[in-house]
Structure formats: C-alpha cells, structure tokens
file start-v5.cif (mmCIF, C-alpha atoms)
data_model
#
loop_
_atom_site.label_atom_id
_atom_site.label_comp_id
_atom_site.auth_asym_id
_atom_site.auth_seq_id
_atom_site.Cartn_x
_atom_site.Cartn_y
_atom_site.Cartn_z
CA MET A 1 -58.76 42.26 -74.43
CA SER A 2 -62.23 42.38 -72.89
CA PRO A 3 -64.46 39.33 -73.25
CA LEU A 4 -67.81 39.49 -75.04
CA ARG A 5 -70.62 39.32 -72.48
CA PRO A 6 -74.28 38.39 -73.01
CA GLY A 7 -76.23 41.44 -74.15
CA ASP A 8 -73.23 43.28 -75.53
CA ALA A 9 -73.83 45.23 -78.71
CA LEU A 10 -70.79 45.42 -80.93
CA THR A 11 -69.54 48.15 -83.19
CA LEU A 12 -67.04 47.27 -85.87
CA ASP A 13 -64.47 49.75 -87.16
CA VAL A 14 -62.73 48.90 -90.41
CA ASP A 15 -59.61 50.81 -91.45
CA VAL A 16 -57.82 50.26 -94.73
CA ILE A 17 -54.14 50.30 -93.83
CA GLU A 18 -52.58 49.24 -97.12
CA ALA A 19 -53.62 48.88 -100.77
CA ARG A 20 -51.31 47.40 -103.37
CA ILE A 21 -51.31 45.38 -106.59
CA SER A 22 -50.60 41.68 -106.30
CA LYS A 23 -47.13 40.84 -107.61
CA SER A 24 -48.00 37.30 -108.64
CA ARG A 25 -51.46 38.16 -110.02
CA PRO A 26 -51.44 41.74 -111.33
CA GLU A 27 -55.14 41.52 -112.21
CA LEU A 28 -55.82 41.56 -108.47
CA GLY A 29 -55.34 44.13 -105.77
CA ILE A 30 -54.54 43.35 -102.15
CA LEU A 31 -56.16 45.43 -99.43
CA LYS A 32 -54.96 45.14 -95.90
CA PHE A 33 -57.49 46.19 -93.36
CA LYS A 34 -57.73 46.38 -89.62
CA CYS A 35 -61.01 45.52 -87.94
CA THR A 36 -61.70 46.42 -84.33
CA ALA A 37 -64.82 45.21 -82.54
CA ARG A 38 -65.85 47.32 -79.56
CA ASN A 39 -68.56 47.01 -76.94
CA ALA A 40 -70.90 49.85 -75.91
CA LYS A 41 -68.24 51.17 -73.52
CA GLY A 42 -65.81 51.48 -76.40
CA GLU A 43 -63.57 48.69 -75.09
CA ALA A 44 -61.87 46.70 -77.83
CA LEU A 45 -62.86 43.02 -77.74
CA CYS A 46 -60.90 41.86 -80.72
CA GLU A 47 -58.64 43.21 -83.40
CA MET A 48 -57.85 41.65 -86.70
CA ILE A 49 -55.40 42.68 -89.39
CA ALA A 50 -56.14 40.81 -92.59
CA PRO A 51 -55.52 41.09 -96.32
CA ILE A 52 -58.25 40.54 -98.90
CA LEU A 53 -57.98 40.03 -102.64
CA ILE A 54 -60.01 42.39 -104.76
CA LYS A 55 -60.47 42.55 -108.51
CA ARG A 56 -58.96 45.53 -110.30
CA ARG A 57 -60.64 47.65 -112.89
CA GLU A 58 -59.92 45.90 -116.16
CA MET A 59 -57.29 47.32 -118.50
CA GLY A 60 -58.56 50.17 -120.64
CA GLN A 61 -61.71 50.47 -118.58
CA ARG A 62 -62.33 53.63 -116.63
CA MET B 1 -49.86 15.29 -73.04
CA CYS B 2 -51.24 15.35 -69.55
CA ARG B 3 -49.59 18.10 -67.58
CA PHE B 4 -47.81 21.18 -68.84
CA GLU B 5 -44.49 19.61 -67.84
CA ASP B 6 -45.18 16.63 -70.12
CA ILE B 7 -45.83 18.66 -73.24
CA GLU B 8 -42.91 18.50 -75.63
CA VAL B 9 -42.10 21.08 -78.26
CA GLY B 10 -42.47 19.45 -81.67
CA GLN B 11 -45.30 17.16 -80.58
CA ARG B 12 -47.70 16.72 -83.48
CA ARG B 13 -51.10 15.19 -83.10
CA GLU B 14 -53.97 14.45 -85.46
CA ILE B 15 -57.04 15.97 -83.86
CA GLY B 16 -59.77 14.84 -86.23
CA SER B 17 -61.50 15.34 -89.57
CA SER B 18 -64.47 17.26 -90.80
CA THR B 19 -66.38 16.98 -94.09
CA PHE B 20 -67.85 20.17 -95.56
CA THR B 21 -71.08 19.36 -97.36
CA ALA B 22 -72.70 21.91 -99.67
CA GLU B 23 -75.60 22.13 -97.24
CA ALA B 24 -73.36 22.80 -94.22
CA ILE B 25 -71.35 25.38 -96.18
CA ARG B 26 -74.53 27.27 -97.12
CA LYS B 27 -76.02 27.02 -93.64
CA PHE B 28 -72.93 28.44 -91.95
CA ALA B 29 -72.62 31.18 -94.57
CA GLU B 30 -76.28 32.22 -94.27
CA ARG B 31 -75.75 32.80 -90.58
CA PHE B 32 -72.22 34.18 -90.35
CA ASP B 33 -70.66 34.94 -93.73
CA PRO B 34 -73.38 35.58 -96.32
CA GLN B 35 -71.16 36.24 -99.31
CA LEU B 36 -72.47 34.90 -102.60
CA PHE B 37 -69.56 32.54 -103.27
CA HIS B 38 -70.32 30.78 -99.97
CA LEU B 39 -74.06 30.58 -100.67
CA ASP B 40 -74.50 29.70 -104.31
CA GLU B 41 -72.90 26.97 -106.42
CA GLU B 42 -72.87 29.06 -109.61
CA GLU B 43 -71.49 32.18 -107.88
CA GLY B 44 -68.80 30.00 -106.32
CA ARG B 45 -67.81 28.65 -109.73
CA LYS B 46 -67.55 32.17 -111.14
CA SER B 47 -65.43 33.34 -108.20
CA LEU B 48 -61.70 32.92 -107.54
CA PHE B 49 -62.61 29.75 -105.62
CA GLY B 50 -63.85 27.89 -108.70
CA GLY B 51 -66.68 26.21 -106.79
CA LEU B 52 -68.94 26.51 -103.76
CA ALA B 53 -66.39 27.23 -101.03
CA ALA B 54 -66.72 27.11 -97.26
CA SER B 55 -66.25 30.37 -95.38
CA GLY B 56 -62.80 30.44 -93.81
CA TRP B 57 -64.56 31.10 -90.50
CA HIS B 58 -66.52 27.88 -91.01
CA VAL B 59 -63.25 25.98 -91.45
CA GLY B 60 -61.83 27.63 -88.33
CA SER B 61 -64.99 26.91 -86.32
CA ALA B 62 -65.04 23.24 -87.38
CA CYS B 63 -61.39 23.05 -86.36
CA MET B 64 -62.19 24.59 -82.96
CA ARG B 65 -64.85 21.97 -82.33
CA LEU B 66 -62.39 19.18 -83.11
CA ILE B 67 -59.84 20.74 -80.75
CA VAL B 68 -62.39 20.76 -77.90
CA GLU B 69 -63.51 17.19 -78.62
CA ASP B 70 -59.89 16.05 -78.77
CA ALA B 71 -59.16 17.67 -75.40
CA ASP B 72 -62.21 15.93 -73.89
CA ARG B 73 -60.94 12.62 -75.25
CA LEU B 74 -57.48 13.22 -73.79
CA ALA B 75 -59.02 14.14 -70.44
CA GLU B 76 -61.11 10.96 -70.42
CA GLU B 77 -58.12 8.80 -71.31
CA ALA B 78 -56.11 10.46 -68.54
CA ALA B 79 -58.95 9.90 -66.05
CA ILE B 80 -59.06 6.18 -66.88
CA ARG B 81 -55.35 5.96 -66.04
CA PHE B 82 -55.91 8.03 -62.88
CA GLU B 83 -53.53 10.63 -64.31
CA GLU B 84 -53.67 14.38 -64.03
CA PHE B 85 -54.78 16.36 -67.03
CA ALA B 86 -54.12 20.04 -67.62
CA HIS B 87 -56.95 21.44 -69.69
CA TRP B 88 -56.02 24.09 -72.15
CA ASP B 89 -57.29 27.39 -70.87
CA VAL B 90 -58.20 30.65 -72.57
CA SER B 91 -56.27 32.03 -75.53
CA PRO B 92 -55.32 35.68 -75.83
CA GLY B 93 -55.43 35.44 -79.60
CA PHE B 94 -53.66 34.15 -82.63
CA ARG B 95 -51.41 35.09 -85.50
CA GLU B 96 -51.06 33.94 -89.04
CA LEU B 97 -54.49 32.55 -89.77
CA ARG B 98 -54.17 31.47 -93.38
CA TRP B 99 -56.74 30.19 -95.82
CA ILE B 100 -54.25 28.71 -98.23
CA LYS B 101 -56.62 26.95 -100.60
CA PRO B 102 -60.39 26.96 -100.83
CA VAL B 103 -62.34 24.26 -99.00
CA LEU B 104 -64.90 23.18 -101.58
CA ALA B 105 -68.20 21.33 -101.12
CA GLY B 106 -67.47 17.66 -100.38
CA ASP B 107 -63.91 18.21 -99.12
CA THR B 108 -62.75 16.44 -95.98
CA ILE B 109 -60.20 18.31 -93.91
CA THR B 110 -58.00 16.59 -91.36
CA PHE B 111 -56.48 18.82 -88.71
CA PHE B 112 -53.12 18.43 -86.99
CA ARG B 113 -51.77 20.32 -84.02
CA GLU B 114 -48.11 20.93 -83.39
CA VAL B 115 -46.54 22.53 -80.32
CA LEU B 116 -44.03 25.17 -81.50
CA ASP B 117 -42.95 26.62 -78.17
CA LYS B 118 -43.75 26.48 -74.47
CA ARG B 119 -42.93 28.81 -71.65
CA LEU B 120 -43.92 29.65 -68.11
CA SER B 121 -45.68 32.88 -67.33
CA MET B 122 -44.77 34.03 -63.86
CA SER B 123 -47.18 36.91 -63.55
CA PRO B 124 -50.02 35.57 -61.40
CA PRO B 125 -51.85 33.37 -61.88
CA ALA B 126 -48.92 31.13 -62.80
CA LEU B 127 -49.76 29.63 -66.14
CA GLY B 128 -47.98 27.75 -68.83
CA SER B 129 -48.16 29.26 -72.25
CA LEU B 130 -48.01 27.28 -75.48
CA GLN B 131 -47.54 28.39 -79.01
CA VAL B 132 -49.34 25.97 -81.26
CA ARG B 133 -49.74 25.64 -85.01
CA THR B 134 -52.86 23.92 -86.26
CA THR B 135 -52.92 22.80 -89.87
CA GLY B 136 -55.76 21.51 -92.04
CA ILE B 137 -55.04 19.12 -94.92
CA ASN B 138 -57.62 18.11 -97.52
CA GLN B 139 -58.20 14.63 -98.98
CA ARG B 140 -55.69 15.46 -101.75
CA ALA B 141 -52.99 16.05 -99.10
CA GLU B 142 -53.00 19.80 -99.82
CA GLU B 143 -52.54 22.22 -96.94
CA VAL B 144 -55.62 24.44 -96.88
CA PHE B 145 -55.60 26.09 -93.46
CA THR B 146 -53.08 27.06 -90.79
CA ILE B 147 -53.29 29.10 -87.63
CA ARG B 148 -50.67 29.91 -85.01
CA SER B 149 -52.25 30.39 -81.64
CA ASN B 150 -51.20 31.08 -78.10
CA VAL B 151 -52.86 28.99 -75.42
CA SER B 152 -52.66 29.10 -71.65
CA VAL B 153 -52.39 25.83 -69.77
CA SER B 154 -52.91 25.52 -66.04
CA LEU B 155 -49.78 24.24 -64.34
CA HIS B 156 -51.50 21.81 -62.05
CA GLY B 157 -53.71 19.20 -63.57
CA THR B 158 -57.12 18.37 -62.29
CA GLY B 159 -58.33 14.96 -61.28
CA GLY B 160 -55.89 12.11 -60.80
#
call {"tool": "encode", "arguments": {"input": "start-v5.cif", "output": "structure tokens"}}
result
Amino acid sequence: MSPLRPGDALTLDVDVIEARISKSRPELGILKFKCTARNAKGEALCEMIAPILIKRREMGQR
Amino acid sequence: MCRFEDIEVGQRREIGSSTFTAEAIRKFAERFDPQLFHLDEEEGRKSLFGGLAASGWHVGSACMRLIVEDADRLAEEAAIRFEEFAHWDVSPGFRELRWIKPVLAGDTITFFREVLDKRLSMSPPALGSLQVRTTGINQRAEEVFTIRSNVSVSLHGTGG
C-alpha cells in the first residue's frame, strides 16, 4: 500500500463487518471491524481487521 | 543471522525487555490511545483489564524499538567481525496481532523473535522474504503479545 508522507491528512473509514456474542463470556459481544486509512487522494495506506470486546446490555434491561 | 542465506527457519532470539511504568502508559495513551482505562488507575481497575493497562499499540511500539535496537546490535557485531549484514527492510504488513493478556503498570515484557518461514521473491528487486513471529512474555512467564509479520531482507549484505 502507499506510504504515509509528510503533510498527508488521513481519513479513517470504519466498517463493522461482524457482530456476535462471545461464546466463552456471554456477557460480552464481539465486534469485528475493518479500518481503512486513506490519504487525500483516496489511496489506502493501511487496512486493519480487528475484533473488539464490548459489553452487552444487561439482562432484563432495555 | 548475517545474510539472508544464513537465516534458519526456527531460529529464536531474545530481542530485549521493556518495563511499562504507570507514567509511560499514561503518556503514550494521552498522545495515541486516550481511552480511560489507559489513562486512569481507577478506570483501569473497573475495566476488563483490572488495572491501569498499557495500550496494545504502546506494547507494539516498544517492541518495534527493541527490534530496531537489536538489528543495530547485530549489525555492529557483524561489522566487528568484518562480516556482511543484511538489514531487514520494509514490511508490507502483518497478521495475527494479538493482545493476549493486559500489560499492567509495572510489568516487564521480554520479546522473542522466531523465524517461521523464508522465501525468495524473484520479482525485482530480488529480495528475501521472512515470516516472523514476535512474542512478548511478562515477568510471570505469561504470553501477553504476539504478532506475525512479513519482512523483506536484502539478499546482499552491506559492509564486510
């Protein structure tokens, strides 16, 4: 991918590509997202696919 | 590990240690990862981490610094022996970055690097390509960090 050059301004796109409940810890959700950093020309400089843990709404709560 | 030809798959090397003080954790987080559990002791304790925890990017950055310093050391040692040394070149990226356990304030992480695979890339410029796993172990011998990266290595060493 393109290198980051001095003066570049970056734009970050974040897409959620998966959302599920953790099997081992059902009180947690797992979001998988894809981040793409682009320069002003729209060229992708880096891409990252990563999961994060996120708390779920507690039982009985709306 | 001087030239690409000398690198053996399975080679494992300790590349150095880094201690994550509360102050360093906060400083890094303020600049690059300002989430509360990286900034505040109490928020860290309340979080899944159970204490003030270093940003995973902080751990990766500290590891990167040790990799560079280790390469400089290897290059110096090679120069003393009048041997060639192939510096690791740019990396096109990595896979499987894992923050296995939190790195908490006061932890010391020791990093190891293991060569998983090597191959020649024939598309010009001719480069060697390495697949490397770097692992971080804390002072309780728990694995806290791993990353599998691809690195290019020039085929002809410099110096010598």
call {"tool": "residues_around", "arguments": {"input": "start-v5.cif", "residues": "Ile15 of chain B", "least_positions_apart": "6", "cutoff": "8 Å", "atoms": "only C-alpha atoms", "output": "ChimeraX atom specification"}}
result
/B:66-67,70,110-113
call {"tool": "residues_near_point", "arguments": {"input": "start-v5.cif", "point": "(-51.9, 26.4, -100.1)", "cutoff": "6 Å", "atoms": "only C-alpha atoms", "output": "ChimeraX atom specification"}}
result
/B:100-101,143-144
call {"tool": "resolve_selection", "arguments": {"input": "start-v5.cif", "expression": "the PyMOL selection byres ((chain B) within 10 of (chain A))", "output": "list of chain:residue names"}}
result
B:Leu48, B:Pro92, B:Gly93, B:Phe94, B:Arg95, B:Glu96, B:Leu97, B:Arg98
call {"tool": "write_last_selection", "arguments": {"input": "start-v5.cif", "atoms": "C-alpha atoms", "output": "PDB file, in the coordinates of the input"}}
result
ATOM      1  CA  LEU B  48     -61.700  32.920-107.540  1.00  0.00           C
ATOM      2  CA  PRO B  92     -55.320  35.680 -75.830  1.00  0.00           C
ATOM      3  CA  GLY B  93     -55.430  35.440 -79.600  1.00  0.00           C
ATOM      4  CA  PHE B  94     -53.660  34.150 -82.630  1.00  0.00           C
ATOM      5  CA  ARG B  95     -51.410  35.090 -85.500  1.00  0.00           C
ATOM      6  CA  GLU B  96     -51.060  33.940 -89.040  1.00  0.00           C
ATOM      7  CA  LEU B  97     -54.490  32.550 -89.770  1.00  0.00           C
ATOM      8  CA  ARG B  98     -54.170  31.470 -93.380  1.00  0.00           C
TER       9      ARG B  98
END
call {"tool": "resolve_selection", "arguments": {"input": "start-v5.cif", "expression": "the PyMOL selection byres ((chain B and resi 116) around 6)", "output": "ChimeraX atom specification"}}
result
/B:9-10,115,117,131-132
call {"tool": "atom_distance", "arguments": {"input": "start-v5.cif", "atom1": "atom CA of Glu41 of chain B", "atom2": "atom CA of Ala53 of chain B"}}
result
8.5 Å
call {"tool": "atom_distance", "arguments": {"input": "start-v5.cif", "atom1": "atom CA of Ile21 of chain A", "atom2": "atom CA of Phe37 of chain B"}}
result
22.6 Å
call {"tool": "resolve_selection", "arguments": {"input": "start-v5.cif", "expression": "the PyMOL selection byres ((chain B and resi 57) around 10)", "output": "list of chain:residue names"}}
result
B:Phe28, B:Ala29, B:Phe32, B:Asp33, B:Ala54, B:Ser55, B:Gly56, B:His58, B:Val59, B:Gly60, B:Ser61, B:Ala62, B:Cys63, B:Trp99
call {"tool": "closest_residue", "arguments": {"input": "start-v5.cif", "among": "A:Glu18, A:Glu58, A:Asp8, A:Asp13", "to": "Phe33 of chain A", "atoms": "all atoms listed in the file"}}
result
A:Glu18
call {"tool": "atom_distance", "arguments": {"input": "start-v5.cif", "atom1": "atom CA of Ser17 of chain B", "atom2": "atom CA of Arg148 of chain B"}}
result
18.7 Å
call {"tool": "closest_residue", "arguments": {"input": "start-v5.cif", "among": "A:Ala37, A:Leu45, A:Ile30, A:Ile52", "to": "Thr11 of chain A", "atoms": "only C-alpha atoms"}}
result
A:Ala37
call {"tool": "axis_aligned_box", "arguments": {"input": "start-v5.cif", "around": "segment 74-88 of chain B", "padding_each_side": "6 Å", "output": "JSON"}}
result
{"center_x": -57.3, "center_y": 15.0, "center_z": -68.3, "size_x": 19.6, "size_y": 30.1, "size_z": 22.9}
call {"tool": "residues_around", "arguments": {"input": "start-v5.cif", "residues": "Ala44 of chain A", "least_positions_apart": "3", "cutoff": "10 Å", "atoms": "only C-alpha atoms", "output": "PyMOL selection string"}}
result
chain A and resi 1-4+10-12+36-41+47
call {"tool": "write_last_selection", "arguments": {"input": "start-v5.cif", "atoms": "C-alpha atoms", "output": "compact mmCIF listing (two decimals), in the frame of the given file"}}
result
# COMPACT_ATOMS: atom_id res chain seq x y z
CA MET A 1 -58.76 42.26 -74.43
CA SER A 2 -62.23 42.38 -72.89
CA PRO A 3 -64.46 39.33 -73.25
CA LEU A 4 -67.81 39.49 -75.04
CA LEU A 10 -70.79 45.42 -80.93
CA THR A 11 -69.54 48.15 -83.19
CA LEU A 12 -67.04 47.27 -85.87
CA THR A 36 -61.70 46.42 -84.33
CA ALA A 37 -64.82 45.21 -82.54
CA ARG A 38 -65.85 47.32 -79.56
CA ASN A 39 -68.56 47.01 -76.94
CA ALA A 40 -70.90 49.85 -75.91
CA LYS A 41 -68.24 51.17 -73.52
CA GLU A 47 -58.64 43.21 -83.40
call {"tool": "residues_near_point", "arguments": {"input": "start-v5.cif", "point": "(-49.6, 27.7, -75.1)", "cutoff": "9 Å", "atoms": "only C-alpha atoms", "output": "list of chain:residue names"}}
result
B:Trp88, B:Asp89, B:Ser91, B:Val115, B:Leu116, B:Asp117, B:Lys118, B:Arg119, B:Gly128, B:Ser129, B:Leu130, B:Gln131, B:Val132, B:Ser149, B:Asn150, B:Val151, B:Ser152, B:Val153
call {"tool": "closest_residue", "arguments": {"input": "start-v5.cif", "among": "B:Met122, B:Leu155, B:Ala105, B:Ala71", "to": "Ser18 of chain B", "atoms": "only C-alpha atoms"}}
result
B:Ala105
call {"tool": "closest_residue", "arguments": {"input": "start-v5.cif", "among": "B:Met64, B:Asp40, B:Glu8, B:Glu76", "to": "Glu23 of chain B", "atoms": "all atoms listed in the file"}}
result
B:Asp40
call {"tool": "build_atoms", "arguments": {"input": "start-v5.cif", "residues": "segment 33-44 of chain A", "atoms": "all heavy atoms", "output": "PDB file, in the coordinates of the input"}}
result
ATOM      1  N   PHE A  33     -56.649  45.372 -94.220  1.00  0.00           N
ATOM      2  CA  PHE A  33     -57.490  46.190 -93.360  1.00  0.00           C
ATOM      3  C   PHE A  33     -57.384  45.752 -91.899  1.00  0.00           C
ATOM      4  O   PHE A  33     -56.965  44.639 -91.601  1.00  0.00           O
ATOM      5  CB  PHE A  33     -58.943  46.187 -93.830  1.00  0.00           C
ATOM      6  CG  PHE A  33     -59.606  44.850 -93.856  1.00  0.00           C
ATOM      7  CD1 PHE A  33     -60.267  44.380 -92.741  1.00  0.00           C
ATOM      8  CD2 PHE A  33     -59.578  44.067 -95.011  1.00  0.00           C
ATOM      9  CE1 PHE A  33     -60.884  43.142 -92.764  1.00  0.00           C
ATOM     10  CE2 PHE A  33     -60.193  42.821 -95.033  1.00  0.00           C
ATOM     11  CZ  PHE A  33     -60.851  42.360 -93.901  1.00  0.00           C
ATOM     12  N   LYS A  34     -57.735  46.666 -91.042  1.00  0.00           N
ATOM     13  CA  LYS A  34     -57.730  46.380 -89.620  1.00  0.00           C
ATOM     14  C   LYS A  34     -59.146  46.546 -89.090  1.00  0.00           C
ATOM     15  O   LYS A  34     -59.753  47.596 -89.266  1.00  0.00           O
ATOM     16  CB  LYS A  34     -56.788  47.334 -88.894  1.00  0.00           C
ATOM     17  CG  LYS A  34     -56.715  47.092 -87.401  1.00  0.00           C
ATOM     18  CD  LYS A  34     -55.766  48.068 -86.746  1.00  0.00           C
ATOM     19  CE  LYS A  34     -55.763  47.822 -85.251  1.00  0.00           C
ATOM     20  NZ  LYS A  34     -54.941  48.816 -84.559  1.00  0.00           N
ATOM     21  N   CYS A  35     -59.667  45.489 -88.511  1.00  0.00           N
ATOM     22  CA  CYS A  35     -61.010  45.520 -87.940  1.00  0.00           C
ATOM     23  C   CYS A  35     -60.888  45.549 -86.421  1.00  0.00           C
ATOM     24  O   CYS A  35     -60.109  44.800 -85.845  1.00  0.00           O
ATOM     25  CB  CYS A  35     -61.782  44.254 -88.289  1.00  0.00           C
ATOM     26  SG  CYS A  35     -62.157  44.119 -90.009  1.00  0.00           S
ATOM     27  N   THR A  36     -61.658  46.403 -85.800  1.00  0.00           N
ATOM     28  CA  THR A  36     -61.700  46.420 -84.330  1.00  0.00           C
ATOM     29  C   THR A  36     -63.152  46.340 -83.895  1.00  0.00           C
ATOM     30  O   THR A  36     -63.970  47.157 -84.314  1.00  0.00           O
ATOM     31  CB  THR A  36     -61.072  47.721 -83.782  1.00  0.00           C
ATOM     32  OG1 THR A  36     -59.787  47.885 -84.380  1.00  0.00           O
ATOM     33  CG2 THR A  36     -60.911  47.657 -82.270  1.00  0.00           C
ATOM     34  N   ALA A  37     -63.473  45.335 -83.093  1.00  0.00           N
ATOM     35  CA  ALA A  37     -64.820  45.210 -82.540  1.00  0.00           C
ATOM     36  C   ALA A  37     -64.814  45.784 -81.141  1.00  0.00           C
ATOM     37  O   ALA A  37     -63.943  45.456 -80.334  1.00  0.00           O
ATOM     38  CB  ALA A  37     -65.246  43.743 -82.521  1.00  0.00           C
ATOM     39  N   ARG A  38     -65.776  46.688 -80.885  1.00  0.00           N
ATOM     40  CA  ARG A  38     -65.850  47.320 -79.560  1.00  0.00           C
ATOM     41  C   ARG A  38     -67.227  47.114 -78.950  1.00  0.00           C
ATOM     42  O   ARG A  38     -68.233  47.043 -79.670  1.00  0.00           O
ATOM     43  CB  ARG A  38     -65.630  48.839 -79.678  1.00  0.00           C
ATOM     44  CG  ARG A  38     -64.271  49.215 -80.168  1.00  0.00           C
ATOM     45  CD  ARG A  38     -64.193  50.744 -80.360  1.00  0.00           C
ATOM     46  NE  ARG A  38     -63.066  51.056 -81.219  1.00  0.00           N
ATOM     47  CZ  ARG A  38     -61.814  51.065 -80.790  1.00  0.00           C
ATOM     48  NH1 ARG A  38     -61.542  50.835 -79.528  1.00  0.00           N
ATOM     49  NH2 ARG A  38     -60.836  51.321 -81.630  1.00  0.00           N
ATOM     50  N   ASN A  39     -67.269  47.078 -77.631  1.00  0.00           N
ATOM     51  CA  ASN A  39     -68.560  47.010 -76.940  1.00  0.00           C
ATOM     52  C   ASN A  39     -69.087  48.429 -76.736  1.00  0.00           C
ATOM     53  O   ASN A  39     -68.469  49.410 -77.164  1.00  0.00           O
ATOM     54  CB  ASN A  39     -68.433  46.220 -75.625  1.00  0.00           C
ATOM     55  CG  ASN A  39     -67.461  46.858 -74.646  1.00  0.00           C
ATOM     56  OD1 ASN A  39     -67.132  48.046 -74.768  1.00  0.00           O
ATOM     57  ND2 ASN A  39     -67.001  46.086 -73.684  1.00  0.00           N
ATOM     58  N   ALA A  40     -70.245  48.539 -76.060  1.00  0.00           N
ATOM     59  CA  ALA A  40     -70.900  49.850 -75.910  1.00  0.00           C
ATOM     60  C   ALA A  40     -70.020  50.819 -75.128  1.00  0.00           C
ATOM     61  O   ALA A  40     -70.127  52.035 -75.286  1.00  0.00           O
ATOM     62  CB  ALA A  40     -72.257  49.661 -75.229  1.00  0.00           C
ATOM     63  N   LYS A  41     -69.143  50.290 -74.281  1.00  0.00           N
ATOM     64  CA  LYS A  41     -68.240  51.170 -73.520  1.00  0.00           C
ATOM     65  C   LYS A  41     -67.027  51.610 -74.330  1.00  0.00           C
ATOM     66  O   LYS A  41     -66.185  52.351 -73.830  1.00  0.00           O
ATOM     67  CB  LYS A  41     -67.773  50.448 -72.243  1.00  0.00           C
ATOM     68  CG  LYS A  41     -68.815  50.491 -71.129  1.00  0.00           C
ATOM     69  CD  LYS A  41     -68.300  49.848 -69.851  1.00  0.00           C
ATOM     70  CE  LYS A  41     -68.746  48.404 -69.780  1.00  0.00           C
ATOM     71  NZ  LYS A  41     -68.200  47.631 -68.671  1.00  0.00           N
ATOM     72  N   GLY A  42     -66.935  51.103 -75.545  1.00  0.00           N
ATOM     73  CA  GLY A  42     -65.810  51.480 -76.400  1.00  0.00           C
ATOM     74  C   GLY A  42     -64.571  50.620 -76.166  1.00  0.00           C
ATOM     75  O   GLY A  42     -63.506  50.890 -76.720  1.00  0.00           O
ATOM     76  N   GLU A  43     -64.707  49.584 -75.342  1.00  0.00           N
ATOM     77  CA  GLU A  43     -63.570  48.690 -75.090  1.00  0.00           C
ATOM     78  C   GLU A  43     -63.388  47.752 -76.277  1.00  0.00           C
ATOM     79  O   GLU A  43     -64.363  47.176 -76.768  1.00  0.00           O
ATOM     80  CB  GLU A  43     -63.801  47.838 -73.836  1.00  0.00           C
ATOM     81  CG  GLU A  43     -63.921  48.642 -72.567  1.00  0.00           C
ATOM     82  CD  GLU A  43     -64.503  47.839 -71.402  1.00  0.00           C
ATOM     83  OE1 GLU A  43     -65.281  46.873 -71.647  1.00  0.00           O
ATOM     84  OE2 GLU A  43     -64.213  48.197 -70.259  1.00  0.00           O
ATOM     85  N   ALA A  44     -62.152  47.608 -76.709  1.00  0.00           N
ATOM     86  CA  ALA A  44     -61.870  46.700 -77.830  1.00  0.00           C
ATOM     87  C   ALA A  44     -61.986  45.256 -77.342  1.00  0.00           C
ATOM     88  O   ALA A  44     -61.450  44.892 -76.298  1.00  0.00           O
ATOM     89  CB  ALA A  44     -60.486  46.977 -78.379  1.00  0.00           C
TER      90      ALA A  44
END
